[in-house]
file target-v6.tsv (TSV, C-alpha atoms)
chain	number	residue	atom	x	y	z
A	12	MET	CA	-2.57	-47.68	23.22
A	13	SER	CA	-2.86	-50.71	20.95
A	14	PRO	CA	0.21	-52.92	20.36
A	15	GLU	CA	0.44	-51.75	16.73
A	16	LEU	CA	0.55	-48.09	17.70
A	17	CYS	CA	3.09	-48.83	20.45
A	18	ALA	CA	5.31	-50.64	17.93
A	19	TRP	CA	5.07	-47.78	15.43
A	20	ALA	CA	5.82	-45.21	18.14
A	21	ALA	CA	8.86	-47.20	19.27
A	22	GLN	CA	10.07	-47.53	15.68
A	23	LEU	CA	9.64	-43.79	15.09
A	24	SER	CA	11.49	-43.01	18.29
A	25	ARG	CA	14.44	-45.13	17.13
A	26	LEU	CA	14.41	-43.53	13.68
A	27	LEU	CA	14.24	-40.01	15.11
A	28	ASP	CA	17.06	-40.23	17.67
A	29	GLY	CA	14.87	-40.93	20.68
A	30	ALA	CA	12.24	-38.25	20.08
A	31	ARG	CA	8.87	-39.18	21.59
A	32	PRO	CA	6.01	-39.57	19.07
A	33	VAL	CA	2.57	-38.59	20.32
A	34	PRO	CA	-0.46	-40.27	18.67
A	35	LEU	CA	-2.91	-37.72	17.32
A	36	PRO	CA	-6.69	-38.09	17.71
A	37	ALA	CA	-9.13	-38.68	14.85
A	38	PRO	CA	-9.68	-37.41	12.13
A	39	TYR	CA	-5.87	-37.53	11.75
A	40	SER	CA	-5.87	-34.59	9.34
A	41	ALA	CA	-2.33	-33.59	10.37
A	42	GLY	CA	-1.03	-37.16	10.54
A	43	HIS	CA	-1.08	-40.10	12.90
A	44	PHE	CA	1.81	-38.97	15.12
A	45	ARG	CA	3.28	-35.63	16.15
A	46	VAL	CA	6.99	-35.56	16.95
A	47	TYR	CA	8.87	-32.52	18.26
A	48	THR	CA	12.26	-32.96	16.63
A	49	GLN	CA	14.67	-31.30	14.26
A	50	ALA	CA	15.71	-34.70	12.86
A	51	ALA	CA	14.45	-35.71	9.43
A	52	LEU	CA	12.61	-38.97	8.98
A	53	PRO	CA	14.62	-41.29	6.72
A	54	ASP	CA	12.78	-42.78	3.74
A	55	GLN	CA	10.55	-45.54	5.09
A	56	ALA	CA	8.08	-47.95	3.56
A	57	GLN	CA	5.80	-47.58	6.59
A	58	PHE	CA	5.74	-43.82	7.17
A	59	THR	CA	5.50	-40.53	5.38
A	60	ALA	CA	6.12	-37.21	7.09
A	61	ARG	CA	5.77	-33.48	6.66
A	62	ARG	CA	7.40	-30.78	8.72
A	63	SER	CA	5.83	-27.69	10.23
A	64	GLY	CA	8.49	-25.72	12.10
A	65	SER	CA	10.03	-27.93	14.75
A	66	THR	CA	7.17	-30.44	14.53
A	67	LEU	CA	7.18	-33.50	12.32
A	68	PHE	CA	3.75	-34.91	11.47
A	69	VAL	CA	4.07	-38.60	10.60
A	70	THR	CA	1.41	-40.60	8.77
A	71	VAL	CA	1.32	-44.38	8.56
A	72	ARG	CA	1.12	-45.49	4.93
A	73	ASP	CA	-1.89	-47.43	3.69
A	74	ALA	CA	0.08	-50.64	3.14
A	75	ALA	CA	1.28	-50.60	6.76
A	76	LEU	CA	-2.28	-50.03	8.00
A	77	LEU	CA	-3.51	-52.96	5.94
A	78	GLN	CA	-0.71	-55.19	7.23
A	79	ALA	CA	-1.49	-54.24	10.85
A	80	LEU	CA	-5.18	-55.06	10.38
A	81	ARG	CA	-4.35	-58.37	8.74
A	82	ALA	CA	-2.19	-59.36	11.71
A	83	ASP	CA	-5.27	-59.44	13.92
A	84	ILE	CA	-6.93	-62.72	14.75
A	85	PRO	CA	-10.31	-62.90	12.99
A	86	PRO	CA	-13.41	-63.20	15.19
A	87	ARG	CA	-14.52	-66.73	16.01
A	88	ALA	CA	-18.23	-66.12	15.51
A	89	LEU	CA	-20.46	-63.78	13.59
A	90	PRO	CA	-22.49	-61.26	15.57
A	91	GLU	CA	-26.18	-61.72	16.16
A	92	PRO	CA	-27.73	-59.21	13.72
A	93	SER	CA	-30.78	-58.61	15.91
A	94	ALA	CA	-28.70	-57.56	18.94
A	95	ASP	CA	-28.34	-53.90	17.94
A	96	PRO	CA	-27.69	-51.73	14.86
A	97	LEU	CA	-23.91	-52.03	15.18
A	98	HIS	CA	-24.08	-55.83	15.21
A	99	THR	CA	-26.39	-55.75	12.17
A	100	LEU	CA	-23.88	-53.60	10.30
A	101	LEU	CA	-20.94	-55.83	11.33
A	102	TYR	CA	-22.85	-58.94	10.26
A	103	GLN	CA	-23.62	-57.42	6.85
A	104	ILE	CA	-20.01	-56.36	6.28
A	105	LEU	CA	-18.53	-59.68	7.43
A	106	THR	CA	-20.89	-61.77	5.29
A	107	TYR	CA	-20.66	-59.61	2.15
A	108	GLY	CA	-17.51	-61.31	0.91
A	109	PHE	CA	-15.03	-58.45	0.75
A	110	VAL	CA	-11.53	-59.37	-0.38
A	111	PRO	CA	-9.26	-57.47	2.04
A	112	ASP	CA	-6.43	-56.67	-0.36
A	113	GLU	CA	-7.01	-52.95	-0.86
A	114	MET	CA	-6.86	-50.11	1.66
A	115	ASP	CA	-9.85	-48.03	0.65
A	116	CYS	CA	-10.67	-46.71	4.11
A	117	PRO	CA	-7.51	-45.50	5.89
A	118	LEU	CA	-9.44	-43.39	8.39
A	119	LEU	CA	-11.47	-46.42	9.46
A	120	ALA	CA	-8.35	-48.58	9.63
A	121	ARG	CA	-6.56	-46.07	11.85
A	122	LEU	CA	-9.62	-45.74	14.09
A	123	ALA	CA	-9.83	-49.54	14.35
A	124	LEU	CA	-6.20	-49.59	15.45
A	125	ASP	CA	-7.17	-47.27	18.33
A	126	LEU	CA	-9.16	-50.13	19.85
A	127	ASP	CA	-7.33	-51.61	22.82
A	128	GLY	CA	-8.12	-52.90	26.31
A	129	ASP	CA	-9.46	-49.58	27.64
A	130	PRO	CA	-13.29	-49.85	27.75
A	131	ALA	CA	-13.95	-46.08	27.64
A	132	ARG	CA	-11.64	-45.60	24.64
A	133	CYS	CA	-13.18	-48.62	22.88
A	134	ARG	CA	-16.71	-47.29	23.35
A	135	ARG	CA	-15.70	-43.82	22.12
A	136	THR	CA	-13.94	-45.32	19.09
A	137	ALA	CA	-16.90	-47.60	18.32
A	138	ARG	CA	-19.21	-44.56	18.38
A	139	GLN	CA	-16.91	-42.83	15.90
A	140	LEU	CA	-16.57	-45.94	13.72
A	141	GLN	CA	-20.25	-46.85	13.35
A	142	PRO	CA	-21.42	-43.98	11.08
A	143	LEU	CA	-18.20	-44.07	9.07
A	144	LEU	CA	-18.49	-47.85	8.60
A	145	ALA	CA	-22.10	-47.50	7.49
A	146	ARG	CA	-21.16	-44.79	4.98
A	147	GLN	CA	-18.24	-46.80	3.54
A	148	TYR	CA	-20.35	-49.96	3.34
A	149	ALA	CA	-23.14	-48.10	1.51
A	150	CYS	CA	-20.56	-46.64	-0.88
A	151	ALA	CA	-19.09	-50.10	-1.52
A	152	LEU	CA	-22.56	-51.49	-2.29
A	153	ARG	CA	-23.39	-48.55	-4.55
A	154	THR	CA	-20.19	-48.88	-6.57
A	155	GLY	CA	-20.08	-52.69	-6.53
A	156	ARG	CA	-16.67	-52.73	-4.84
A	157	SER	CA	-15.58	-56.12	-3.57
A	158	HIS	CA	-11.93	-55.37	-2.72
A	159	SER	CA	-11.96	-53.52	0.58
A	160	ALA	CA	-10.49	-53.50	4.06
A	161	LEU	CA	-13.96	-53.02	5.56
A	162	ALA	CA	-14.12	-56.66	6.64
A	163	LEU	CA	-10.82	-56.29	8.53
A	164	VAL	CA	-12.07	-53.17	10.31
A	165	ALA	CA	-15.37	-54.87	11.17
A	166	GLY	CA	-13.50	-57.95	12.41
A	167	ARG	CA	-11.32	-55.86	14.68
A	168	LEU	CA	-14.35	-54.07	16.09
A	169	LEU	CA	-16.06	-57.41	16.64
A	170	ALA	CA	-12.97	-58.79	18.41
A	171	HIS	CA	-13.33	-55.96	20.94
A	172	ASP	CA	-17.02	-56.66	21.49
A	173	PRO	CA	-16.58	-58.12	25.01
A	174	ILE	CA	-15.04	-54.79	26.02
A	175	LEU	CA	-17.89	-52.83	24.42
A	176	TYR	CA	-20.61	-55.04	25.93
A	177	PRO	CA	-19.15	-56.39	29.18
A	178	ARG	CA	-22.48	-57.32	30.80
A	179	ASN	CA	-23.22	-60.14	28.39
A	180	GLY	CA	-19.57	-61.02	27.79
A	181	GLY	CA	-19.75	-59.89	24.20
A	182	ILE	CA	-21.25	-61.97	21.44
A	183	HIS	CA	-18.57	-64.62	21.35
A	184	PRO	CA	-19.64	-68.10	22.42
call {"tool": "encode", "arguments": {"input": "target-v6.tsv", "output": "structure tokens"}}
result
Amino acid sequence: MSPELCAWAAQLSRLLDGARPVPLPAPYSAGHFRVYTQAALPDQAQFTARRSGSTLFVTVRDAALLQALRADIPPRALPEPSADPLHTLLYQILTYGFVPDEMDCPLLARLALDLDGDPARCRRTARQLQPLLARQYACALRTGRSHSALALVAGRLLAHDPILYPRNGGIHP
């Protein structure tokens, strides 16, 4: 699990009297975490929750997702666009000039936060991210949107490139 998700899970556990939050898989339609507890989640700037019986489904708010993506170190180099279709897409997104001050793609942000040091999970997440990234990028071009978190998502995916492509050590110099 990524450090951001671990921190959120620990914070939720403290807020909910030690209950253990379980991260939910994409598409996160129920929420980002499931917690079996009778305790109510206090008002928080980072989380919103809904109850279904004895289960609390907790969703990370858009502002917290944006802050977590911003905390990442940006990639040192741009990808080589001719390497493969994913690198072409990442290159296009990173050079477009998006201003990352608006969370317009929370599903992509949450998927990007699933990237961690586990190669199998990173490859699975990258396969899920690629068509969604392409769709969001096409939508941004169509509507002329320049304020988007797409660049942060692409940067996080690029930062995990050595895990996705271990044979060539990633695209970083």
call {"tool": "closest_residue", "arguments": {"input": "target-v6.tsv", "among": "A:Met12, A:Val33, A:Ile104, A:Val164", "to": "Arg132 in chain A", "atoms": "only C-alpha atoms"}}
result
A:Met12
call {"tool": "residues_around", "arguments": {"input": "target-v6.tsv", "residues": "Arg138 in chain A", "least_positions_apart": "2", "cutoff": "12 Å", "atoms": "only C-alpha atoms", "output": "NGL selection string"}}
result
:A and (96-97 or 119 or 122-123 or 126 or 131-136 or 140-145 or 168 or 175)
call {"tool": "residues_near_point", "arguments": {"input": "target-v6.tsv", "point": "(2.0, -39.7, 10.3)", "cutoff": "10 Å", "atoms": "all atoms listed in the file", "output": "NGL selection string"}}
result
:A and (23 or 32 or 34-35 or 39-46 or 57-61 or 67-72)
call {"tool": "closest_residue", "arguments": {"input": "target-v6.tsv", "among": "A:Cys17, A:Met114, A:Leu26, A:Ala37", "to": "Ser157 in chain A", "atoms": "all atoms listed in the file"}}
result
A:Met114
call {"tool": "closest_residue", "arguments": {"input": "target-v6.tsv", "among": "A:Pro117, A:Pro53, A:Gly64, A:Pro90", "to": "Gln78 in chain A", "atoms": "only C-alpha atoms"}}
result
A:Pro117
call {"tool": "residues_around", "arguments": {"input": "target-v6.tsv", "residues": "Gln103 in chain A", "least_positions_apart": "6", "cutoff": "10 Å", "atoms": "all atoms listed in the file", "output": "short mmCIF file (atom, residue, chain, number, x, y, z; two decimals) with C-alpha atoms, keeping the file's coordinate frame"}}
result
data_model
loop_
_atom_site.label_atom_id
_atom_site.label_comp_id
_atom_site.auth_asym_id
_atom_site.auth_seq_id
_atom_site.Cartn_x
_atom_site.Cartn_y
_atom_site.Cartn_z
CA LEU A 89 -20.46 -63.78 13.59
CA PRO A 90 -22.49 -61.26 15.57
CA PRO A 92 -27.73 -59.21 13.72
CA LEU A 97 -23.91 -52.03 15.18
CA TYR A 148 -20.35 -49.96 3.34
CA ALA A 162 -14.12 -56.66 6.64
CA ALA A 165 -15.37 -54.87 11.17
#
call {"tool": "closest_residue", "arguments": {"input": "target-v6.tsv", "among": "A:Gln139, A:Ser93, A:Ala120, A:Ala88", "to": "Ala170 in chain A", "atoms": "all atoms listed in the file"}}
result
A:Ala88
call {"tool": "atom_distance", "arguments": {"input": "target-v6.tsv", "atom1": "CA of Ala51 in chain A", "atom2": "CA of Ala20 in chain A"}}
result
15.5 Å
call {"tool": "atom_distance", "arguments": {"input": "target-v6.tsv", "atom1": "CA of Arg167 in chain A", "atom2": "CA of Ala149 in chain A"}}
result
19.3 Å
call {"tool": "axis_aligned_box", "arguments": {"input": "target-v6.tsv", "around": "range 131-139 of chain A", "padding_each_side": "3 Å", "output": "lines of an AutoDock Vina configuration file"}}
result
center_x = -15.4
center_y = -45.7
center_z = 21.8
size_x = 13.6
size_y = 11.8
size_z = 17.7
